[in-house]
Structure formats: structure tokens, C-alpha cells
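Data from upload-v3.pdb: PDB, C-alpha atoms and all ligand atoms
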MODEL        1
ATOM      1  CA  MET A   1      46.713 -16.069 -47.330
ATOM      2  CA  ARG A   2      48.378 -19.403 -46.731
ATOM      3  CA  LYS A   3      50.009 -21.157 -49.657
ATOM      4  CA  ASN A   4      49.269 -24.606 -51.020
ATOM      5  CA  ILE A   5      52.562 -26.485 -51.138
ATOM      6  CA  ILE A   6      53.580 -29.853 -52.527
ATOM      7  CA  ALA A   7      57.135 -30.685 -51.433
ATOM      8  CA  GLY A   8      59.125 -33.761 -52.440
ATOM      9  CA  ASN A   9      61.733 -35.259 -50.102
ATOM     10  CA  TRP A  10      64.111 -37.438 -52.100
ATOM     11  CA  LYS A  11      65.999 -38.540 -48.952
ATOM     12  CA  MET A  12      69.305 -40.330 -49.777
ATOM     13  CA  ASN A  13      68.322 -41.425 -53.279
ATOM     14  CA  LEU A  14      69.492 -40.715 -56.852
ATOM     15  CA  ASP A  15      73.053 -40.102 -58.057
ATOM     16  CA  TYR A  16      73.892 -36.947 -59.977
ATOM     17  CA  ASN A  17      72.651 -38.054 -63.416
ATOM     18  CA  GLU A  18      69.563 -39.802 -62.073
ATOM     19  CA  GLY A  19      68.642 -36.672 -60.120
ATOM     20  CA  VAL A  20      68.968 -34.326 -63.107
ATOM     21  CA  SER A  21      66.959 -36.673 -65.265
ATOM     22  CA  LEU A  22      64.064 -37.137 -62.788
ATOM     23  CA  PHE A  23      64.010 -33.429 -62.009
ATOM     24  CA  SER A  24      63.839 -32.473 -65.705
ATOM     25  CA  GLU A  25      60.823 -34.766 -66.103
ATOM     26  CA  ILE A  26      59.165 -33.249 -63.049
ATOM     27  CA  VAL A  27      59.705 -29.663 -64.240
ATOM     28  CA  ASN A  28      58.211 -30.455 -67.638
ATOM     29  CA  MET A  29      55.164 -32.133 -66.159
ATOM     30  CA  VAL A  30      54.645 -29.570 -63.398
ATOM     31  CA  LYS A  31      54.543 -26.735 -65.943
ATOM     32  CA  ASP A  32      51.221 -28.093 -67.173
ATOM     33  CA  GLU A  33      49.748 -28.998 -63.793
ATOM     34  CA  ARG A  34      50.763 -26.331 -61.324
ATOM     35  CA  LYS A  35      48.278 -23.604 -60.516
ATOM     36  CA  GLY A  36      49.668 -20.092 -60.322
ATOM     37  CA  ASP A  37      49.491 -19.759 -56.562
ATOM     38  CA  GLN A  38      50.699 -23.261 -55.768
ATOM     39  CA  LEU A  39      54.242 -23.903 -54.667
ATOM     40  CA  VAL A  40      56.177 -27.004 -55.707
ATOM     41  CA  VAL A  41      59.440 -27.703 -53.888
ATOM     42  CA  ILE A  42      61.909 -30.550 -54.348
ATOM     43  CA  CYS A  43      64.378 -31.351 -51.565
ATOM     44  CA  PRO A  44      67.169 -33.469 -53.065
ATOM     45  CA  PRO A  45      70.503 -34.485 -51.529
ATOM     46  CA  TYR A  46      73.039 -31.649 -51.321
ATOM     47  CA  ILE A  47      74.922 -32.701 -54.472
ATOM     48  CA  HIS A  48      71.925 -31.723 -56.597
ATOM     49  CA  LEU A  49      71.051 -28.349 -55.108
ATOM     50  CA  ASN A  50      72.933 -26.053 -57.447
ATOM     51  CA  SER A  51      72.156 -27.719 -60.770
ATOM     52  CA  LEU A  52      68.491 -28.285 -59.923
ATOM     53  CA  ALA A  53      68.011 -24.718 -58.675
ATOM     54  CA  LYS A  54      69.145 -23.577 -62.140
ATOM     55  CA  LEU A  55      66.836 -26.033 -63.925
ATOM     56  CA  GLY A  56      63.791 -25.390 -61.715
ATOM     57  CA  GLY A  57      63.298 -21.763 -62.625
ATOM     58  CA  ALA A  58      59.989 -20.309 -61.559
ATOM     59  CA  GLU A  59      58.184 -23.663 -61.707
ATOM     60  CA  VAL A  60      59.882 -25.736 -59.040
ATOM     61  CA  LYS A  61      61.728 -24.411 -55.983
ATOM     62  CA  ILE A  62      64.582 -26.248 -54.316
ATOM     63  CA  GLY A  63      65.279 -27.048 -50.679
ATOM     64  CA  SER A  64      67.907 -28.997 -48.756
ATOM     65  CA  GLN A  65      67.037 -31.788 -46.328
ATOM     66  CA  ASN A  66      69.166 -30.458 -43.490
ATOM     67  CA  ILE A  67      71.668 -27.749 -42.516
ATOM     68  CA  SER A  68      74.225 -27.283 -39.765
ATOM     69  CA  ASP A  69      73.343 -25.190 -36.728
ATOM     70  CA  ASN A  70      76.848 -23.665 -36.982
ATOM     71  CA  GLU A  71      77.769 -20.695 -39.124
ATOM     72  CA  SER A  72      81.060 -22.059 -40.534
ATOM     73  CA  GLY A  73      84.345 -23.612 -39.462
ATOM     74  CA  ALA A  74      85.834 -26.945 -38.437
ATOM     75  CA  PHE A  75      82.750 -29.177 -38.711
ATOM     76  CA  THR A  76      83.870 -31.850 -41.135
ATOM     77  CA  GLY A  77      81.087 -33.119 -43.367
ATOM     78  CA  GLU A  78      78.580 -30.422 -42.433
ATOM     79  CA  ILE A  79      76.871 -27.954 -44.778
ATOM     80  CA  SER A  80      75.924 -24.460 -43.620
ATOM     81  CA  ALA A  81      72.758 -22.449 -44.284
ATOM     82  CA  LYS A  82      74.839 -19.864 -46.140
ATOM     83  CA  MET A  83      76.224 -22.550 -48.463
ATOM     84  CA  VAL A  84      72.763 -23.931 -49.171
ATOM     85  CA  LYS A  85      71.427 -20.458 -49.869
ATOM     86  CA  SER A  86      74.312 -19.769 -52.275
ATOM     87  CA  THR A  87      73.208 -22.698 -54.477
ATOM     88  CA  GLY A  88      69.909 -20.978 -55.252
ATOM     89  CA  ALA A  89      67.917 -23.182 -52.865
ATOM     90  CA  GLU A  90      65.173 -21.368 -50.962
ATOM     91  CA  TYR A  91      63.855 -23.989 -48.519
ATOM     92  CA  VAL A  92      65.214 -26.386 -45.928
ATOM     93  CA  ILE A  93      63.587 -29.342 -44.174
ATOM     94  CA  ILE A  94      64.320 -29.192 -40.446
ATOM     95  CA  GLY A  95      63.498 -31.868 -37.880
ATOM     96  CA  HIS A  96      62.547 -34.736 -40.147
ATOM     97  CA  SER A  97      61.872 -37.762 -37.935
ATOM     98  CA  GLU A  98      64.744 -39.665 -39.569
ATOM     99  CA  ARG A  99      67.139 -36.940 -38.413
ATOM    100  CA  ARG A 100      65.552 -36.816 -34.966
ATOM    101  CA  GLU A 101      65.889 -40.581 -34.618
ATOM    102  CA  TYR A 102      69.061 -41.644 -36.483
ATOM    103  CA  PHE A 103      71.105 -38.509 -35.782
ATOM    104  CA  ALA A 104      69.722 -37.779 -32.305
ATOM    105  CA  GLU A 105      68.600 -34.270 -33.224
ATOM    106  CA  SER A 106      66.958 -32.676 -30.184
ATOM    107  CA  ASP A 107      64.262 -29.992 -30.129
ATOM    108  CA  GLU A 108      66.912 -27.508 -28.926
ATOM    109  CA  LEU A 109      69.267 -28.320 -31.815
ATOM    110  CA  LEU A 110      66.370 -28.001 -34.249
ATOM    111  CA  ALA A 111      65.464 -24.601 -32.794
ATOM    112  CA  ALA A 112      69.084 -23.495 -33.412
ATOM    113  CA  LYS A 113      68.988 -24.834 -36.993
ATOM    114  CA  THR A 114      65.723 -22.999 -37.616
ATOM    115  CA  LYS A 115      67.225 -19.713 -36.432
ATOM    116  CA  LYS A 116      70.292 -20.281 -38.610
ATOM    117  CA  ALA A 117      68.095 -20.969 -41.664
ATOM    118  CA  LEU A 118      66.129 -17.765 -41.089
ATOM    119  CA  GLU A 119      69.322 -15.719 -40.637
ATOM    120  CA  HIS A 120      70.280 -16.805 -44.151
ATOM    121  CA  HIS A 121      66.816 -16.297 -45.651
ATOM    122  CA  LEU A 122      66.017 -19.971 -46.128
ATOM    123  CA  ASN A 123      62.387 -20.941 -45.483
ATOM    124  CA  PRO A 124      62.156 -23.820 -42.991
ATOM    125  CA  ILE A 125      59.776 -26.740 -43.489
ATOM    126  CA  PHE A 126      59.682 -27.872 -39.879
ATOM    127  CA  CYS A 127      58.598 -31.483 -39.256
ATOM    128  CA  ILE A 128      56.816 -32.830 -36.209
ATOM    129  CA  GLY A 129      55.193 -36.200 -35.578
ATOM    130  CA  GLU A 130      54.514 -38.941 -33.068
ATOM    131  CA  THR A 131      55.589 -42.603 -32.932
ATOM    132  CA  LEU A 132      53.149 -45.502 -33.058
ATOM    133  CA  ASP A 133      53.513 -46.011 -29.285
ATOM    134  CA  GLU A 134      52.698 -42.370 -28.645
ATOM    135  CA  ARG A 135      49.670 -42.628 -30.930
ATOM    136  CA  ASN A 136      48.471 -45.777 -29.166
ATOM    137  CA  ASN A 137      49.011 -44.560 -25.601
ATOM    138  CA  GLY A 138      47.269 -41.260 -26.313
ATOM    139  CA  SER A 139      50.229 -38.993 -25.489
ATOM    140  CA  TYR A 140      50.512 -37.626 -29.030
ATOM    141  CA  TYR A 141      48.984 -34.212 -28.406
ATOM    142  CA  GLU A 142      51.532 -33.621 -25.642
ATOM    143  CA  VAL A 143      54.390 -34.869 -27.835
ATOM    144  CA  LEU A 144      53.440 -32.582 -30.718
ATOM    145  CA  LYS A 145      52.888 -29.630 -28.401
ATOM    146  CA  LYS A 146      56.372 -30.100 -26.931
ATOM    147  CA  GLN A 147      57.957 -30.313 -30.399
ATOM    148  CA  LEU A 148      56.261 -27.048 -31.363
ATOM    149  CA  LEU A 149      57.061 -25.305 -28.102
ATOM    150  CA  HIS A 150      60.750 -26.192 -27.954
ATOM    151  CA  GLY A 151      61.421 -26.188 -31.684
ATOM    152  CA  LEU A 152      59.524 -23.119 -32.866
ATOM    153  CA  PHE A 153      57.670 -21.060 -30.316
ATOM    154  CA  SER A 154      60.668 -19.014 -29.190
ATOM    155  CA  LEU A 155      60.681 -17.361 -32.632
ATOM    156  CA  THR A 156      59.424 -13.816 -33.032
ATOM    157  CA  GLU A 157      56.135 -13.435 -34.866
ATOM    158  CA  ALA A 158      57.948 -12.046 -37.930
ATOM    159  CA  ASP A 159      60.216 -15.103 -38.038
ATOM    160  CA  PHE A 160      57.461 -17.593 -37.306
ATOM    161  CA  SER A 161      55.492 -16.302 -40.265
ATOM    162  CA  LYS A 162      58.221 -17.728 -42.558
ATOM    163  CA  ILE A 163      57.733 -21.272 -41.231
ATOM    164  CA  THR A 164      55.893 -24.096 -42.974
ATOM    165  CA  ILE A 165      54.977 -27.012 -40.717
ATOM    166  CA  ALA A 166      54.854 -30.632 -41.846
ATOM    167  CA  TYR A 167      52.888 -33.070 -39.697
ATOM    168  CA  GLU A 168      54.388 -36.490 -40.339
ATOM    169  CA  PRO A 169      53.191 -39.294 -38.061
ATOM    170  CA  ILE A 170      56.257 -41.529 -37.825
ATOM    171  CA  TRP A 171      54.130 -44.664 -38.072
ATOM    172  CA  ALA A 172      52.976 -43.532 -41.518
ATOM    173  CA  ILE A 173      56.369 -42.689 -43.031
ATOM    174  CA  GLY A 174      57.448 -45.180 -45.696
ATOM    175  CA  THR A 175      55.165 -47.825 -44.180
ATOM    176  CA  GLY A 176      52.219 -47.673 -46.568
ATOM    177  CA  LEU A 177      50.044 -46.788 -43.544
ATOM    178  CA  THR A 178      48.447 -43.358 -43.874
ATOM    179  CA  ALA A 179      46.690 -41.307 -41.256
ATOM    180  CA  THR A 180      43.006 -41.212 -42.134
ATOM    181  CA  PRO A 181      41.848 -37.821 -43.424
ATOM    182  CA  GLU A 182      39.986 -37.391 -40.102
ATOM    183  CA  GLN A 183      43.087 -38.224 -37.999
ATOM    184  CA  ALA A 184      45.211 -35.853 -40.057
ATOM    185  CA  GLN A 185      42.629 -33.048 -39.969
ATOM    186  CA  ASP A 186      42.278 -33.444 -36.213
ATOM    187  CA  ILE A 187      46.026 -32.951 -35.721
ATOM    188  CA  HIS A 188      46.307 -30.125 -38.249
ATOM    189  CA  ALA A 189      43.500 -28.254 -36.460
ATOM    190  CA  PHE A 190      45.289 -28.893 -33.158
ATOM    191  CA  ILE A 191      48.577 -27.519 -34.548
ATOM    192  CA  ARG A 192      46.780 -24.436 -35.859
ATOM    193  CA  SER A 193      45.141 -23.858 -32.477
ATOM    194  CA  GLU A 194      48.542 -24.081 -30.753
ATOM    195  CA  ILE A 195      49.916 -21.511 -33.193
ATOM    196  CA  GLU A 196      46.928 -19.290 -32.540
ATOM    197  CA  ALA A 197      47.450 -19.517 -28.781
ATOM    198  CA  ASN A 198      51.048 -18.315 -29.251
ATOM    199  CA  TYR A 199      50.912 -15.933 -32.185
ATOM    200  CA  GLY A 200      47.238 -15.062 -32.680
ATOM    201  CA  PHE A 201      44.589 -15.886 -35.262
ATOM    202  CA  ASN A 202      46.106 -14.173 -38.300
ATOM    203  CA  VAL A 203      49.480 -15.890 -38.049
ATOM    204  CA  ALA A 204      47.805 -19.269 -37.423
ATOM    205  CA  ASP A 205      45.471 -18.769 -40.362
ATOM    206  CA  ASP A 206      48.402 -17.880 -42.657
ATOM    207  CA  THR A 207      50.619 -20.851 -41.707
ATOM    208  CA  SER A 208      50.777 -23.664 -44.260
ATOM    209  CA  ILE A 209      50.570 -27.071 -42.563
ATOM    210  CA  LEU A 210      51.526 -30.034 -44.770
ATOM    211  CA  TYR A 211      50.753 -33.704 -44.226
ATOM    212  CA  GLY A 212      53.437 -36.335 -44.802
ATOM    213  CA  GLY A 213      53.477 -40.116 -44.506
ATOM    214  CA  SER A 214      52.743 -42.541 -47.360
ATOM    215  CA  CYS A 215      50.932 -39.885 -49.350
ATOM    216  CA  ASN A 216      50.198 -41.091 -52.900
ATOM    217  CA  PRO A 217      47.935 -40.239 -55.853
ATOM    218  CA  LYS A 218      45.183 -42.462 -54.417
ATOM    219  CA  ASN A 219      44.901 -40.941 -50.955
ATOM    220  CA  ALA A 220      45.978 -37.366 -51.766
ATOM    221  CA  ASN A 221      42.548 -36.106 -52.727
ATOM    222  CA  GLU A 222      40.836 -36.970 -49.447
ATOM    223  CA  LEU A 223      43.731 -35.725 -47.364
ATOM    224  CA  PHE A 224      44.099 -32.415 -49.180
ATOM    225  CA  SER A 225      40.399 -31.684 -49.132
ATOM    226  CA  GLN A 226      40.529 -31.311 -45.329
ATOM    227  CA  LYS A 227      40.285 -27.701 -44.337
ATOM    228  CA  ASP A 228      43.504 -27.474 -42.333
ATOM    229  CA  ILE A 229      45.672 -29.530 -44.709
ATOM    230  CA  ASP A 230      47.509 -27.197 -47.065
ATOM    231  CA  GLY A 231      49.546 -29.710 -49.036
ATOM    232  CA  GLY A 232      51.991 -32.551 -48.568
ATOM    233  CA  LEU A 233      55.570 -33.542 -47.897
ATOM    234  CA  ILE A 234      56.013 -36.511 -50.189
ATOM    235  CA  GLY A 235      58.769 -39.113 -49.801
ATOM    236  CA  GLY A 236      58.547 -42.313 -51.866
ATOM    237  CA  ALA A 237      56.048 -40.953 -54.398
ATOM    238  CA  SER A 238      58.316 -37.964 -55.172
ATOM    239  CA  LEU A 239      60.831 -40.365 -56.731
ATOM    240  CA  LYS A 240      58.391 -41.167 -59.544
ATOM    241  CA  SER A 241      57.620 -38.222 -61.810
ATOM    242  CA  ARG A 242      54.183 -39.574 -62.732
ATOM    243  CA  ASP A 243      53.084 -40.159 -59.110
ATOM    244  CA  PHE A 244      54.419 -36.812 -57.972
ATOM    245  CA  THR A 245      52.641 -34.881 -60.712
ATOM    246  CA  ASP A 246      49.498 -36.959 -60.215
ATOM    247  CA  ILE A 247      49.491 -35.786 -56.587
ATOM    248  CA  ILE A 248      49.749 -32.180 -57.770
ATOM    249  CA  ARG A 249      46.953 -32.775 -60.271
ATOM    250  CA  VAL A 250      44.712 -34.342 -57.615
ATOM    251  CA  PHE A 251      45.358 -31.370 -55.370
ATOM    252  CA  ASN A 252      44.206 -29.021 -58.116
ATOM    253  CA  SER A 253      41.085 -30.935 -59.086
TER
HETATM  254  P1  LIG B   1      56.861 -41.213 -47.414
HETATM  255  O1  LIG B   1      57.862 -40.200 -46.663
HETATM  256  O2  LIG B   1      55.981 -40.384 -48.295
HETATM  257  O3  LIG B   1      57.747 -42.141 -48.192
HETATM  258  O4  LIG B   1      56.085 -41.921 -46.342
HETATM  259  C1  LIG B   1      57.450 -38.942 -46.236
HETATM  260  C2  LIG B   1      58.600 -38.261 -45.550
HETATM  261  O5  LIG B   1      59.381 -38.925 -44.864
HETATM  262  O6  LIG B   1      58.775 -37.026 -45.676
ENDMDL
END
Starting from the file, lay out its structure as C-alpha cells.
Amino acid sequence: MRKNIIAGNWKMNLDYNEGVSLFSEIVNMVKDERKGDQLVVICPPYIHLNSLAKLGGAEVKIGSQNISDNESGAFTGEISAKMVKSTGAEYVIIGHSERREYFAESDELLAAKTKKALEHHLNPIFCIGETLDERNNGSYYEVLKKQLLHGLFSLTEADFSKITIAYEPIWAIGTGLTATPEQAQDIHAFIRSEIEANYGFNVADDTSILYGGSCNPKNANELFSQKDIDGGLIGGASLKSRDFTDIIRVFNS
């Protein structure tokens, strides 16, 4: 059975004290809102991983926003999967469009990062999405198919079953524009059919596919009521404890 997941991506926001304070609020509020089988994950900057993993307990899981594709060694400024795992974090976002664009992360690099995460028992939240141009010129199915093929489809079935996918249309991220529930459902169904073609019905049916891109308490209900949308990857709204928990509440209603 696939899981319902609400994940927050704090991006490069909040210093140490601000992070602990927001996270404590979130944990307290989530305790009352979370359903037993629902997963809540917060992905803060690296500096927060260890302290938040201790504070989160069973209520809120922790993930990093990136890892190195290397195991260890002379890679100044990088953080390895093993290091992230040692903080108590259990998830990692891989292939966010900001990393693809600003840090030139290729599908091949992201495939290597995914394998490294799995080697160290971190669960990848793997992001795919198209630009506005690709949406407008109709090439988006091909773009998404290529991201899946090169980023994920060389994994074994056992490894693929540990992947969560986040569909994040780039034109909707941080812009206030949201995919309509119909647009999002259409793509989520497409992603699931691609998974089915590669790994079979059961794996496809068990894979959680999250929507991301200007998700907020107002639009969450319609998005999450689509049959192939299993939750959200939330950016801006995860920086406000009330909005984030309202999204969880909407999801449960
Ligand atoms: P947003 O970001 O919710 O602020 O649009 C989503 C994301 O980038 O993961």
C-alpha cells in the first residue's frame, strides 16, 4: 500500500535557532493532526539535521535536501549519504529543479546520487518536472519520461520500491502558479504508467507520487483528492507552521 506523505522543503532558510523553534511548533501541531499511516517529513538545511532528528521522534521524519554522489574524501564542502544517515535523517531530496538548474545536476549524476542514498539506507524523494517552455511546446511528456528513464529506471525493482517521486512543474515552484488538479492528475497517472511499464503494476501501485509547486492550504484539498496524488512536497508554505499543518489537516479531511 502506498503511503500518504507531506514533505516540507525549507530550502536555504532559517538559522539554527529559527529552525529549532519552527520545527518544535510543527511537531506539536502535527501530533494532533497526523493520521497514523501518514508520513510527515521535513527537509531542512544540513545544519539542522541532527538536532531536528532528535526532536522529531516518531511524529516527524527528517531528510536532507541533497547529498554527494561520492562516498568520502577530498570533496570540500560536500556532505555524504553516510554522514546524513548518521544524523538520524531517513530521507533525501534528489534532483530538485533548483539543483538541476543552478548546480547543473544531470540525470546521470542524479542516478549516481540515488544509488549512493540507497546504499546508505536513505529513502530518496526524487524530483522531476518540466519548464514553462516545455509545457507550452507540448514536449513535457518526453521530458518527464527522460528524467525517469535516466534518473531512476536503471534501479532494480527492490531498490525502486524505496523511491518516492515528486512531480514539480518548474513553472509552479515559488511562483504562486499551481498546476490545476486535472493537469497534475494527468501527469501523475502518466508517471505511474511509466513505472508500470518498467516494473509492473504492483510496484507502480505502491509508489507514492507527490505534487509540488505553490501548494498551500487553499489548493491542497483539490490536488490531494486526485487519485494518483499521494501527498505534497511543500516549499514556501512549510516555513509557516500554521500553513504546513493546515495542509496536513486538509489532506486528512
Ligand atoms: P513551493 O516550492 O511550494 O514554494 O512552490 C516547492 C518546492 O520547490 O519543492
Can you list, as a PyMOL selection string, every protein, DNA or RNA residue that comes within 10 Å of Leu118 of chain A when you count all atoms listed in the file, leaving out same-chain residues fewer than 2 positions away? chain A and resi 81+91-92+113-116+120-124+159-160+162-163
Assuming the chain letters and numbering stay as they are in my file, what does the PyMOL selection byres (((chain A and resi 53) around 9) and not hetatm) actually select? List them as a compact mmCIF listing (two decimals) with C-alpha atoms, keeping the file's coordinate frame.
# COMPACT_ATOMS: atom_id res chain seq x y z
CA HIS A 48 71.92 -31.72 -56.60
CA LEU A 49 71.05 -28.35 -55.11
CA ASN A 50 72.93 -26.05 -57.45
CA SER A 51 72.16 -27.72 -60.77
CA LEU A 52 68.49 -28.28 -59.92
CA LYS A 54 69.14 -23.58 -62.14
CA LEU A 55 66.84 -26.03 -63.92
CA GLY A 56 63.79 -25.39 -61.72
CA GLY A 57 63.30 -21.76 -62.62
CA VAL A 60 59.88 -25.74 -59.04
CA LYS A 61 61.73 -24.41 -55.98
CA ILE A 62 64.58 -26.25 -54.32
CA GLY A 63 65.28 -27.05 -50.68
CA THR A 87 73.21 -22.70 -54.48
CA GLY A 88 69.91 -20.98 -55.25
CA ALA A 89 67.92 -23.18 -52.86
CA GLU A 90 65.17 -21.37 -50.96
Give me the residues near segment 3-17 of chain A as a ChimeraX atom specification, where near means some atom within 8 Å (using only C-alpha atoms) and where sequence neighbours in that chain fewer than 4 positions away do not count. /A:21,37-45,47-48,65,206-208,210,230-236,238-239,244,248
Around segment 215-228 of chain A, with edges along x, y and z and 5 Å added on all six sides, what centre and edge lengths do you get, in Å to one decimal, as JSON?
{"center_x": 45.6, "center_y": -35.0, "center_z": -49.1, "size_x": 20.6, "size_y": 25.0, "size_z": 23.5}
Taking the file above as input, evaluate the PyMOL selection byres (((chain A and resi 223) around 8) and not hetatm) and report the hits as a list in words. Thr180, Pro181, Ala184, Gln185, Tyr211, Asn219, Ala220, Asn221, Glu222, Phe224, Ser225, Gln226 and Ile229 of chain A
Limited to C-alpha atoms, could you put the picked residues into a file as a CSV table (one decimal), keeping the file's coordinate frame?
chain,number,residue,atom,x,y,z
A,180,THR,CA,43.0,-41.2,-42.1
A,181,PRO,CA,41.8,-37.8,-43.4
A,184,ALA,CA,45.2,-35.9,-40.1
A,185,GLN,CA,42.6,-33.0,-40.0
A,211,TYR,CA,50.8,-33.7,-44.2
A,219,ASN,CA,44.9,-40.9,-51.0
A,220,ALA,CA,46.0,-37.4,-51.8
A,221,ASN,CA,42.5,-36.1,-52.7
A,222,GLU,CA,40.8,-37.0,-49.4
A,224,PHE,CA,44.1,-32.4,-49.2
A,225,SER,CA,40.4,-31.7,-49.1
A,226,GLN,CA,40.5,-31.3,-45.3
A,229,ILE,CA,45.7,-29.5,-44.7
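Our summary of the geometry notes that atom CA of Ser154 of chain A is positioned 24.4 Å from atom CA of Gly212 of chain A.
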Separation of atom O4 of ligand LIG 1 (chain B) from atom CA of Asp243 of chain A, in Å and rounded to one decimal: 13.2 Å
Interatomic distance (Å, one decimal) between atom CA of Val20 of chain A and atom CA of Val84 of chain A: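 That distance, rounded to one decimal, is 17.8 Å.
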